[in-house]
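Asker: Input structure: model.tsv, which contains TSV, C-alpha atoms.
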chain	number	residue	atom	x	y	z
A	1	MET	CA	125.14	-122.41	-67.33
A	2	LYS	CA	123.19	-119.18	-66.96
A	3	LYS	CA	125.05	-116.54	-64.96
A	4	ASN	CA	123.17	-115.62	-61.81
A	5	LYS	CA	123.60	-112.06	-60.65
A	6	ILE	CA	124.06	-111.48	-56.91
A	7	ILE	CA	123.63	-108.02	-55.39
A	8	VAL	CA	125.03	-107.61	-51.88
A	9	ASN	CA	123.80	-105.04	-49.39
A	10	ASP	CA	125.03	-105.68	-45.86
A	11	LEU	CA	127.01	-103.84	-43.20
A	12	MET	CA	130.29	-104.12	-45.12
A	13	GLN	CA	129.20	-103.82	-48.76
A	14	LYS	CA	126.58	-101.73	-50.53
A	15	ASN	CA	125.45	-102.60	-54.05
A	16	TYR	CA	128.35	-105.01	-54.62
A	17	VAL	CA	127.51	-107.14	-57.66
A	18	TYR	CA	129.00	-110.47	-58.65
A	19	TYR	CA	128.01	-113.34	-60.88
A	20	LEU	CA	127.82	-117.06	-60.25
A	21	THR	CA	129.44	-118.67	-63.26
A	22	GLU	CA	129.89	-122.21	-61.94
A	23	THR	CA	127.56	-124.75	-60.36
A	24	ILE	CA	127.44	-124.54	-56.57
A	25	GLY	CA	130.13	-126.74	-55.01
A	26	LYS	CA	131.57	-127.79	-58.38
A	27	ASN	CA	134.39	-127.02	-60.80
A	28	PHE	CA	137.01	-126.00	-58.25
A	29	HIS	CA	140.61	-125.29	-59.20
A	30	ALA	CA	142.52	-128.58	-59.38
A	31	GLU	CA	144.71	-127.65	-56.39
A	32	PHE	CA	141.83	-126.48	-54.20
A	33	LEU	CA	140.37	-129.47	-52.36
A	34	PRO	CA	138.61	-128.22	-49.22
A	35	GLU	CA	137.47	-130.95	-46.84
A	36	LEU	CA	134.51	-128.99	-45.48
A	37	THR	CA	131.77	-127.00	-47.14
A	38	PRO	CA	130.80	-123.58	-45.80
A	39	LYS	CA	127.59	-125.12	-44.46
A	40	GLN	CA	129.55	-127.78	-42.55
A	41	MET	CA	131.97	-125.18	-41.20
A	42	LEU	CA	129.18	-122.94	-39.93
A	43	LYS	CA	127.35	-125.84	-38.30
A	44	MET	CA	130.52	-127.09	-36.59
A	45	GLY	CA	131.41	-123.67	-35.27
A	46	VAL	CA	133.91	-121.28	-36.79
A	47	PHE	CA	134.90	-117.67	-36.17
A	48	GLY	CA	133.18	-117.50	-32.78
A	49	GLY	CA	129.74	-117.27	-34.37
A	50	LYS	CA	130.42	-113.65	-35.33
A	51	TYR	CA	130.92	-114.30	-39.01
A	52	MET	CA	128.19	-113.46	-41.53
A	53	THR	CA	125.47	-112.51	-39.04
A	54	ASP	CA	124.30	-109.65	-41.26
A	55	CYS	CA	124.68	-111.24	-44.70
A	56	LYS	CA	122.71	-114.48	-44.45
A	57	ARG	CA	120.45	-113.49	-47.38
A	58	GLU	CA	123.41	-113.85	-49.75
A	59	TYR	CA	123.73	-117.60	-49.09
A	60	PRO	CA	121.41	-120.62	-49.00
A	61	GLU	CA	119.13	-120.57	-45.98
A	62	ASP	CA	120.03	-124.15	-45.06
A	63	TRP	CA	123.65	-123.10	-44.43
A	64	PHE	CA	122.41	-121.46	-41.24
A	65	ALA	CA	120.23	-124.26	-39.87
A	66	ASP	CA	121.42	-125.29	-36.38
A	67	VAL	CA	124.20	-122.66	-36.43
A	68	ARG	CA	125.05	-120.67	-33.33
A	69	LEU	CA	125.70	-117.04	-34.26
A	70	CYS	CA	126.55	-114.05	-32.10
A	71	HIS	CA	126.07	-110.69	-33.80
A	72	GLN	CA	127.44	-108.69	-30.86
A	73	TYR	CA	130.88	-110.26	-30.45
A	74	HIS	CA	133.21	-113.14	-31.27
A	75	ASN	CA	132.40	-115.91	-28.79
A	76	PRO	CA	135.09	-118.64	-28.70
A	77	GLU	CA	132.62	-121.00	-26.99
A	78	PHE	CA	130.72	-121.14	-30.30
A	79	ASN	CA	133.78	-122.62	-32.03
A	80	PHE	CA	133.99	-126.40	-32.39
A	81	PHE	CA	137.05	-126.60	-30.17
A	82	GLY	CA	135.85	-123.84	-27.81
A	83	VAL	CA	138.95	-121.69	-28.34
A	84	ASN	CA	139.78	-118.56	-30.26
A	85	ALA	CA	141.96	-119.32	-33.26
A	86	SER	CA	141.27	-116.16	-35.25
A	87	GLN	CA	143.14	-112.95	-35.77
A	88	SER	CA	141.16	-109.74	-35.87
A	89	LEU	CA	140.01	-108.23	-39.13
A	90	ALA	CA	142.24	-105.24	-38.34
A	91	ILE	CA	145.30	-107.51	-38.40
A	92	TRP	CA	144.18	-109.07	-41.68
A	93	ARG	CA	143.83	-105.58	-43.17
A	94	GLU	CA	147.22	-104.52	-41.79
A	95	LYS	CA	148.92	-107.53	-43.38
A	96	GLY	CA	147.24	-106.92	-46.75
A	97	TRP	CA	145.30	-110.18	-46.68
A	98	ILE	CA	141.94	-108.58	-47.48
A	99	PHE	CA	140.78	-108.41	-51.09
A	100	ALA	CA	138.57	-105.36	-51.66
A	101	GLU	CA	135.70	-107.45	-53.04
A	102	ASP	CA	135.69	-109.71	-49.95
A	103	PRO	CA	136.05	-107.31	-46.99
A	104	ARG	CA	135.40	-110.08	-44.44
A	105	GLY	CA	138.36	-112.13	-45.60
A	106	TRP	CA	139.10	-115.68	-46.64
A	107	PHE	CA	135.86	-117.33	-45.52
A	108	GLN	CA	133.75	-114.83	-47.43
A	109	TRP	CA	135.88	-115.53	-50.49
A	110	TYR	CA	135.40	-119.30	-49.96
A	111	CYS	CA	131.63	-118.99	-49.55
A	112	ARG	CA	131.36	-117.02	-52.76
A	113	TYR	CA	133.74	-119.37	-54.57
A	114	PHE	CA	131.71	-122.35	-53.35
A	115	MET	CA	128.52	-120.66	-54.59
A	116	GLY	CA	130.08	-120.36	-58.07
A	117	ARG	CA	131.77	-116.97	-58.25
A	118	ARG	CA	135.21	-116.87	-59.84
A	119	CYS	CA	137.37	-113.76	-59.55
A	120	SER	CA	140.87	-112.36	-59.90
A	121	ASP	CA	141.72	-113.22	-56.27
A	122	ASP	CA	141.13	-116.97	-56.58
A	123	LEU	CA	144.73	-118.09	-57.09
A	124	ARG	CA	146.03	-115.97	-54.20
A	125	GLN	CA	143.37	-117.35	-51.85
A	126	ILE	CA	144.01	-120.93	-52.94
A	127	LYS	CA	147.73	-120.42	-52.28
A	128	ARG	CA	146.91	-119.13	-48.78
A	129	TRP	CA	144.60	-122.11	-48.18
A	130	LYS	CA	147.35	-124.53	-49.23
A	131	ALA	CA	149.78	-122.89	-46.80
A	132	MET	CA	147.56	-123.93	-43.87
A	133	LYS	CA	148.70	-127.54	-44.36
A	134	ARG	CA	151.69	-126.70	-42.16
A	135	HIS	CA	149.31	-126.70	-39.18
A	136	ALA	CA	148.10	-130.19	-40.02
A	137	ALA	CA	151.73	-131.33	-40.17
A	138	GLN	CA	152.35	-129.91	-36.68
A	139	ILE	CA	149.29	-131.72	-35.29
A	140	ARG	CA	150.45	-135.00	-36.86
A	141	LYS	CA	153.93	-134.50	-35.41
A	142	HIS	CA	152.89	-133.62	-31.86
A	143	CYS	CA	149.53	-135.33	-31.24
A	144	LEU	CA	148.14	-138.83	-31.11
A	145	LYS	CA	145.73	-139.47	-33.97
A	146	GLY	CA	142.24	-138.53	-32.89
A	147	ASP	CA	143.29	-136.67	-29.72
A	148	LEU	CA	141.02	-133.66	-30.23
A	149	ASN	CA	142.33	-132.03	-27.05
A	150	CYS	CA	145.84	-131.75	-28.47
A	151	ARG	CA	146.61	-128.42	-30.17
A	152	SER	CA	143.03	-127.23	-30.15
A	153	ARG	CA	143.93	-123.74	-31.43
A	154	GLN	CA	145.66	-125.21	-34.48
A	155	ARG	CA	142.77	-127.61	-35.00
A	156	GLN	CA	140.28	-124.72	-34.86
A	157	ALA	CA	142.42	-122.67	-37.23
A	158	LEU	CA	142.34	-125.55	-39.70
A	159	LEU	CA	138.55	-125.78	-39.40
A	160	ASN	CA	138.39	-122.06	-40.17
A	161	TRP	CA	140.20	-122.88	-43.43
A	162	ALA	CA	137.98	-125.83	-44.48
A	163	TYR	CA	140.34	-128.58	-43.29
A	164	ASP	CA	138.61	-131.24	-41.17
A	165	SER	CA	141.06	-131.37	-38.30
A	166	ARG	CA	138.91	-133.93	-36.45
A	167	ASN	CA	140.47	-136.54	-38.76
A	168	ILE	CA	144.08	-135.83	-37.82
So that I can check it, write out the structure of this file as structure tokens.
Answerer:
Amino acid sequence: MKKNKIIVNDLMQKNYVYYLTETIGKNFHAEFLPELTPKQMLKMGVFGGKYMTDCKREYPEDWFADVRLCHQYHNPEFNFFGVNASQSLAIWREKGWIFAEDPRGWFQWYCRYFMGRRCSDDLRQIKRWKAMKRHAAQIRKHCLKGDLNCRSRQRQALLNWAYDSRNI
């Protein structure tokens, strides 16, 4: 596969360069099995519509079809479950969860990974993604299957991490 060069210029990165070395949506790490694509996540409603409003040129245009975005602020009503299940970027920075190459956090890493970028942060991010399974276990323990009104914050958090919590 020919390596495609991506140059990013948005509000958070200037002249950041990375290469797509894998086919889009293919050749994931054996332990990384997301249930939702970035396109599905955006369409369903994640991160209050605030995510990626200034960097749409980096990703396929069709990812943003029928997506509600809000450049000014995080709007929980734009989330699938209508609740806020996100911590602020400041908290993510404070806890050391932000990788310098992905200043927006996990979802930016996932979008770029899905597109075909591979980088030194992949194993750490996959480990963090796997740790979210504890939320699915809590939903299974405390909710009737299919009761989307039960534990909506945990369900939204799982959606934010590419788990399809509608199926729990």
Asker: Around (122.8, -111.3, -61.2) in the file's own coordinates, what residues are found within 10 Å if you use only C-alpha atoms, given back as a list of chain:residue names?
Answerer: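 Here the neighbourhood of the point contains A:Lys2, A:Lys3, A:Asn4, A:Lys5, A:Ile6, A:Ile7, A:Val17, A:Tyr18, A:Tyr19, A:Leu20.
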Asker: Let me know the centre plus edge lengths, in Å and rounded to one decimal, of a box with edges along x, y and z that contains all listed atoms of range 9-20 of chain A and is padded by 4 Å on every side, as lines of an AutoDock Vina configuration file.
Answerer:
center_x = 127.0
center_y = -109.4
center_z = -52.0
size_x = 14.5
size_y = 23.3
size_z = 25.7
Asker: What gap, in Å, lies between CA of Gly25 in chain A and CA of Phe114 in chain A?
Answerer: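 Going from CA of Gly25 in chain A over to CA of Phe114 in chain A covers 5.0 Å.
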Asker: Using all atoms listed in the file, find the one residue out of A:Arg124, A:Lys50, A:Lys133, A:His142 that sits nearest to Glu35 in chain A.
Answerer: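 Among the listed residues, A:Lys133 lies closest to Glu35 in chain A.
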Asker: From the list A:Ala85, A:Asp66, A:Phe99, A:Ile139, which residue is nearest Asp122 in chain A when using only C-alpha atoms?
Answerer: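 The answer is A:Phe99, which sits nearest to Asp122 in chain A.
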Asker: Kindly indicate which residue among A:Leu11, A:Cys150, A:Val83, A:Met41 lies nearest to Val67 in chain A, using all atoms listed in the file for the distances.
Answerer: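 Residue with the minimum atom-to-atom distance to Val67 in chain A: A:Met41.
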Asker: Between CA of Arg117 in chain A and CA of Arg57 in chain A, what distance in Å does the model show, to one decimal?
Answerer: 16.1 Å
Asker: Of the candidates A:Ala157, A:Ala131, A:Leu123, A:Ile98, which one gets nearest to Pro76 in chain A if we count all atoms listed in the file?
Answerer: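 Looking only at the distances to Pro76 in chain A, the closest residue turns out to be A:Ala157.
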Asker: Using all atoms listed in the file, what residues lie at most 9 Å away from (140.8, -124.5, -42.1) (file coordinates), given as a list in words?
Answerer: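 The answer, in the requested form, is Pro34, Glu35, Leu36, Met41, Trp129, Met132, Lys133, Arg155, Gln156, Ala157, Leu158, Leu159, Asn160, Trp161, Ala162, Tyr163, Asp164 and Ser165 of chain A.
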Asker: Using Å and a single decimal, report how far CA of Tyr16 in chain A sits from CA of Leu42 in chain A.
Answerer: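 We find that CA of Leu42 in chain A and CA of Tyr16 in chain A lie 23.2 Å from each other.
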Asker: Could you check which of A:Asn84, A:Cys119, A:Ile126, A:Asp102 is closest to Ser152 in chain A, using only C-alpha atoms?
Answerer: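 Nearest candidate to Ser152 in chain A out of A:Asn84, A:Cys119, A:Ile126, A:Asp102: A:Asn84.
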Asker: Can you work out which one of A:Asn167, A:Gln125, A:Gln138, A:Ser88 has the shortest atom-to-atom distance to Trp106 in chain A, counting all atoms listed in the file?
Answerer: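 Distance minimum relative to Trp106 in chain A lands on A:Gln125.
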Asker: Within 8 Å of Thr53 in chain A, counting all atoms listed in the file, which residues show up once you throw out same-chain ones fewer than 6 positions away? Write them as a list in words, please.
Answerer: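 Near neighbours after the sequence-gap exclusion: Leu69, Cys70 and His71 of chain A.
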Asker: Would you mind listing what lies within 12 Å of range 92-97 of chain A as a ChimeraX atom specification, with all atoms listed in the file counted and same-chain residues fewer than 3 positions away left out?
Answerer: /A:86-89,100-107,109,121,124-125,127-128
